[in-house]
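I have placed the structure first, in the form of structure tokens, so that the comments after it can refer back to it.
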Amino acid sequence: MNALRLEAAVVQAGLRRLLGPLDITVPPGEVVSILGPSGAGKSSLLAWLCGALPPGLSAMGRVFLGERELTTLPPERRGLGILFQDDLLFPHLDVAGNLAFGLAAAVRGRAARRAAIAAALDSVGLPGIEARDPATLSGGERARVALLRVLLSAPGALLLDEPFGRLDPATRVAVRTLTFRLARERGLPTLLVTHDADDVAAAAGPVLRIGAGGS
């Protein structure tokens, strides 16, 4: 795996600087946290990394995954996976359909794809739920399925946009622990943005603290 690197990253709304300049290196298998209050520009930074910065915002700087520069690439070629507060599961697809949507194209053939989905669900303690409607799942189950969908896409790095924020306390701890464990096991450089100090403590990695200043 390769490190994720940000060089002189700045996010702005018009002429108003929301965040930066930031220089960050996230080594493979490590979690780097950006801790700051709501409105500090953290989510906008991740949107820029993904190539999906909302209208009205602009950014400067460069992004690398290993030696490959991502800055000007379209989102689908960047190889980055992102988890949000909302799980964003497709309501018209069952669990298997949701996971198949994220499954890397390198996994070919119906049997191989079914086997990959079954193995992924088994690995997080959710065996046999392929046919379930996402609406019937608990919050923790939905969060785990959303995590698997990202991981099955074989990303080169993982971005976490406060993905544990809407879970109840016990579920939050379990899903957070699982997320960090799987990211480390896969050697993924992981960038977490959060306003919760408990998330940062659980990440057990370097922390960058930023102040308020934007959205």
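Just so we're on the same page: first chain in the structure tokens is A, next is B, and so on; residues restart at 1 for each chain, and ligands are numbered from 1 in the order they show up.
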Open item on the list: Need the shell around A:Ala118: protein/DNA/RNA residues with any atom at most 8 Å away, counting only C-alpha atoms. Skip same-chain ones fewer than 3 positions apart. Format as a list in words?
Closed with: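 Within the cut-off, the hits are Arg114, Ala115, Leu121, Asp122, Pro127, Gly128 and Glu130 of chain A.
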TODO: Name the residues in contact with A:Met60 at a cut-off of 8 Å, using only C-alpha atoms, excluding same-chain residues fewer than 6 positions from it; report them as a PyMOL selection string.
DONE: chain A and resi 8-11
- [ ] Measuring atom to atom with only C-alpha atoms, identify which of A:Leu88, A:Ala154, A:Ala203, A:Leu148 is nearest to A:Val173.
- [x]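 For A:Val173, the nearest of the candidates is A:Ala203.
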Task: Point-to-point distance in Å for atom CA of A:Leu137 and atom CA of A:Pro91 - done: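 Between these atoms lies a distance of 11.4 Å.
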Task: All residues 12 Å or closer to A:Ala174, only C-alpha atoms, same chain fewer than 3 positions away omitted, as a list in words - done: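 Near neighbours after the sequence-gap exclusion: Val124, Gly125, Gly139, Gly140, Glu141, Ala143, Arg144, Phe164, Leu167, Asp168, Pro169, Ala170, Thr171, Thr177, Leu178, Thr179, Phe180, Arg181, Asp199 and Ala202 of chain A.
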Residue subset to file, keeping N, CA and C atoms, as a CSV table (one decimal), in the first residue's frame:
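As written to disk, out_7.csv reads:
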```
chain,number,residue,atom,x,y,z
A,124,VAL,N,-17.6,-9.8,9.4
A,124,VAL,CA,-18.0,-8.7,10.4
A,124,VAL,C,-19.2,-9.2,11.2
A,125,GLY,N,-19.4,-10.6,11.2
A,125,GLY,CA,-20.4,-11.1,12.1
A,125,GLY,C,-21.8,-11.0,11.5
A,139,GLY,N,-29.0,0.0,13.3
A,139,GLY,CA,-28.0,1.0,12.9
A,139,GLY,C,-26.6,0.5,12.8
A,140,GLY,N,-26.3,-0.4,13.7
A,140,GLY,CA,-25.0,-1.0,13.7
A,140,GLY,C,-24.8,-1.9,12.5
A,141,GLU,N,-25.8,-2.7,12.1
A,141,GLU,CA,-25.7,-3.5,11.0
A,141,GLU,C,-25.6,-2.7,9.7
A,143,ALA,N,-24.3,0.2,9.4
A,143,ALA,CA,-23.0,0.8,9.4
A,143,ALA,C,-21.9,-0.2,9.0
A,144,ARG,N,-22.1,-1.4,9.4
A,144,ARG,CA,-21.1,-2.4,9.0
A,144,ARG,C,-21.2,-2.8,7.5
A,164,PHE,N,-19.3,7.8,12.6
A,164,PHE,CA,-19.9,7.1,13.8
A,164,PHE,C,-20.8,8.0,14.6
A,167,LEU,N,-24.6,6.9,15.7
A,167,LEU,CA,-24.8,5.6,16.3
A,167,LEU,C,-24.9,5.8,17.8
A,168,ASP,N,-25.7,4.9,18.5
A,168,ASP,CA,-25.8,5.0,19.9
A,168,ASP,C,-24.4,4.6,20.5
A,169,PRO,N,-24.2,5.0,21.8
A,169,PRO,CA,-22.8,4.9,22.3
A,169,PRO,C,-22.2,3.5,22.2
A,170,ALA,N,-22.9,2.5,22.6
A,170,ALA,CA,-22.4,1.1,22.5
A,170,ALA,C,-22.1,0.7,21.1
A,171,THR,N,-23.0,1.0,20.2
A,171,THR,CA,-22.8,0.6,18.8
A,171,THR,C,-21.6,1.4,18.2
A,177,THR,N,-14.3,0.5,16.5
A,177,THR,CA,-13.2,-0.4,16.7
A,177,THR,C,-13.1,-1.3,15.4
A,178,LEU,N,-14.2,-1.8,14.9
A,178,LEU,CA,-14.1,-2.6,13.7
A,178,LEU,C,-13.5,-1.9,12.5
A,179,THR,N,-14.0,-0.6,12.3
A,179,THR,CA,-13.5,0.2,11.2
A,179,THR,C,-12.0,0.4,11.2
A,180,PHE,N,-11.5,0.8,12.4
A,180,PHE,CA,-10.0,1.0,12.5
A,180,PHE,C,-9.2,-0.4,12.4
A,181,ARG,N,-9.8,-1.4,12.9
A,181,ARG,CA,-9.1,-2.7,12.8
A,181,ARG,C,-9.0,-3.2,11.4
A,199,ASP,N,-13.4,9.7,19.4
A,199,ASP,CA,-13.0,9.1,18.1
A,199,ASP,C,-11.5,9.2,17.9
A,202,ALA,N,-9.6,6.7,20.2
A,202,ALA,CA,-9.7,5.4,19.7
A,202,ALA,C,-8.9,5.1,18.5
```
Task: Selection near stretch 44-46 of chain A, 7 Å with only C-alpha atoms, sequence-local residues under 4 positions removed, as a PyMOL selection string - done: chain A and resi 11+50+53+159
Write a file of the selected residues as an mmCIF file, in the first residue's frame, keeping N, CA and C atoms.
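Resulting contents of out_33.cif:
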```
data_model
loop_
_atom_site.group_PDB
_atom_site.id
_atom_site.type_symbol
_atom_site.label_atom_id
_atom_site.label_comp_id
_atom_site.auth_asym_id
_atom_site.auth_seq_id
_atom_site.Cartn_x
_atom_site.Cartn_y
_atom_site.Cartn_z
ATOM 1 N N VAL A 11 -8.693 25.121 1.677
ATOM 2 C CA VAL A 11 -10.085 25.156 1.226
ATOM 3 C C VAL A 11 -10.633 26.539 1.498
ATOM 4 N N CYS A 50 -11.738 13.835 -2.600
ATOM 5 C CA CYS A 50 -12.495 12.913 -3.453
ATOM 6 C C CYS A 50 -12.781 13.483 -4.837
ATOM 7 N N LEU A 53 -15.803 18.636 -4.511
ATOM 8 C CA LEU A 53 -15.994 19.855 -3.730
ATOM 9 C C LEU A 53 -17.268 20.559 -4.186
ATOM 10 N N LEU A 159 -11.226 7.463 3.789
ATOM 11 C CA LEU A 159 -11.574 8.754 4.365
ATOM 12 C C LEU A 159 -12.812 8.576 5.235
#
```
Open item on the list: I want to know what sits within 9 Å of stretch 32-42 of chain A, based on only C-alpha atoms, with residues of the same chain fewer than 4 positions away left out; could you give that as a VMD selection string?
Closed with: chain A and resid 11 to 12 18 to 19 24 to 27 46 to 47 161 189 to 197 199 to 200 203 to 215
Convert the current residue selection to file output with N, CA and C atoms, as a short mmCIF file (atom, residue, chain, number, x, y, z; two decimals), in the first residue's frame.
```
data_model
loop_
_atom_site.label_atom_id
_atom_site.label_comp_id
_atom_site.auth_asym_id
_atom_site.auth_seq_id
_atom_site.Cartn_x
_atom_site.Cartn_y
_atom_site.Cartn_z
N VAL A 11 -8.69 25.12 1.68
CA VAL A 11 -10.09 25.16 1.23
C VAL A 11 -10.63 26.54 1.50
N GLN A 12 -11.31 27.12 0.51
CA GLN A 12 -11.82 28.48 0.62
C GLN A 12 -13.27 28.56 0.18
N LEU A 18 -11.18 28.74 4.75
CA LEU A 18 -11.83 27.91 5.75
C LEU A 18 -10.83 27.05 6.51
N LEU A 19 -9.80 26.61 5.78
CA LEU A 19 -8.91 25.61 6.36
C LEU A 19 -7.60 25.62 5.60
N ILE A 24 -0.03 16.99 5.23
CA ILE A 24 -0.35 15.78 6.00
C ILE A 24 0.14 14.56 5.24
N THR A 25 0.79 13.65 5.93
CA THR A 25 1.14 12.35 5.36
C THR A 25 0.50 11.27 6.23
N VAL A 26 -0.28 10.40 5.59
CA VAL A 26 -0.93 9.29 6.28
C VAL A 26 -0.29 8.00 5.80
N PRO A 27 0.56 7.37 6.63
CA PRO A 27 1.23 6.14 6.19
C PRO A 27 0.24 4.98 6.05
N LEU A 46 -12.31 16.71 2.85
CA LEU A 46 -12.48 15.36 2.32
C LEU A 46 -13.17 15.38 0.97
N ALA A 47 -14.15 16.28 0.80
CA ALA A 47 -14.81 16.41 -0.50
C ALA A 47 -13.81 16.79 -1.58
N ASP A 161 -15.62 10.60 7.34
CA ASP A 161 -16.26 11.89 7.60
C ASP A 161 -17.27 11.73 8.73
N PRO A 189 -4.06 3.70 4.41
CA PRO A 189 -3.90 5.00 5.06
C PRO A 189 -5.30 5.57 5.29
N THR A 190 -5.58 5.99 6.51
CA THR A 190 -6.93 6.40 6.89
C THR A 190 -6.91 7.79 7.48
N LEU A 191 -7.73 8.68 6.90
CA LEU A 191 -7.84 10.06 7.38
C LEU A 191 -9.22 10.25 7.98
N LEU A 192 -9.27 10.52 9.28
CA LEU A 192 -10.51 10.71 10.02
C LEU A 192 -10.70 12.19 10.31
N VAL A 193 -11.89 12.73 10.02
CA VAL A 193 -12.24 14.07 10.48
C VAL A 193 -13.40 13.93 11.46
N THR A 194 -13.29 14.64 12.58
CA THR A 194 -14.28 14.50 13.64
C THR A 194 -14.22 15.69 14.58
N HIS A 195 -15.31 15.87 15.33
CA HIS A 195 -15.28 16.86 16.42
C HIS A 195 -15.31 16.13 17.77
N ASP A 196 -15.20 14.80 17.75
CA ASP A 196 -15.35 13.99 18.95
C ASP A 196 -13.98 13.49 19.42
N ALA A 197 -13.57 13.90 20.58
CA ALA A 197 -12.26 13.50 21.11
C ALA A 197 -12.19 12.00 21.35
N ASP A 199 -13.37 9.67 19.39
CA ASP A 199 -12.97 9.07 18.12
C ASP A 199 -11.45 9.16 17.95
N VAL A 200 -10.92 10.32 18.27
CA VAL A 200 -9.48 10.54 18.13
C VAL A 200 -8.70 9.61 19.05
N ALA A 203 -8.67 6.17 17.66
CA ALA A 203 -7.82 6.05 16.47
C ALA A 203 -6.37 5.82 16.84
N ALA A 204 -5.96 6.37 17.98
CA ALA A 204 -4.61 6.13 18.53
C ALA A 204 -3.51 6.45 17.52
N GLY A 205 -3.68 7.55 16.81
CA GLY A 205 -2.67 7.98 15.86
C GLY A 205 -2.42 9.46 15.97
N PRO A 206 -1.65 10.02 15.05
CA PRO A 206 -1.38 11.46 15.07
C PRO A 206 -2.67 12.28 14.95
N VAL A 207 -2.67 13.46 15.56
CA VAL A 207 -3.85 14.32 15.59
C VAL A 207 -3.46 15.72 15.14
N LEU A 208 -4.28 16.29 14.24
CA LEU A 208 -4.14 17.67 13.84
C LEU A 208 -5.38 18.42 14.30
N ARG A 209 -5.19 19.42 15.15
CA ARG A 209 -6.32 20.20 15.67
C ARG A 209 -6.49 21.48 14.87
N ILE A 210 -7.73 21.74 14.46
CA ILE A 210 -8.01 22.95 13.69
C ILE A 210 -9.14 23.71 14.38
N GLY A 211 -9.26 25.01 14.07
CA GLY A 211 -10.28 25.84 14.69
C GLY A 211 -11.46 26.03 13.78
N ALA A 212 -12.48 26.75 14.27
CA ALA A 212 -13.67 27.04 13.49
C ALA A 212 -13.32 28.07 12.42
N GLY A 213 -14.17 28.12 11.40
CA GLY A 213 -13.94 29.14 10.40
C GLY A 213 -14.71 28.95 9.13
N GLY A 214 -15.45 27.86 8.98
CA GLY A 214 -16.20 27.70 7.74
C GLY A 214 -17.16 26.56 7.84
N SER A 215 -17.56 26.03 6.66
CA SER A 215 -18.55 24.97 6.67
C SER A 215 -18.02 23.71 6.01
#
```
Task: Nearest to A:Leu80, chosen from A:Leu158, A:Ala183, A:Leu151, A:Ala59, with only C-alpha atoms counted in the distances - done: A:Leu158
TODO: Go through stretch 121-168 of chain A and collect every residue that DSSP, computed from the backbone, puts in helix (DSSP H, G or I); the answer should be as a VMD selection string.
DONE: chain A and resid 121 to 123 134 to 136 139 to 152
Task: Given only C-alpha atoms as the counted atoms, nearest of A:Gln85, A:Ser153, A:Ser43, A:Ser123 to A:Gly165 - done: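 With only C-alpha atoms as the atom set, the closest residue is A:Gln85.
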Task: Nearest to A:Gly51, chosen from A:Gly79, A:Pro155, A:Gly20, A:Gly187, with only C-alpha atoms counted in the distances - done: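 For A:Gly51, the nearest of the candidates is A:Gly79.
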Open item on the list: My list of candidates is A:Glu7, A:Asp87, A:Asp23, A:Glu67. Which is closest to A:Leu147 when distances are computed with only C-alpha atoms?
Closed with: A:Asp87
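The residue that comes closest to A:Phe101, out of A:Ala119, A:Leu152, A:Leu57, A:Ile82 and on the basis of only C-alpha atoms, is A:Leu152.
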Task: DSSP-assigned strand (DSSP E or B) among stretch 7-142 of chain A, expressed as number ranges by chain - done: A: 7-13, 16-26, 31-35, 57-65, 68-69, 80-83
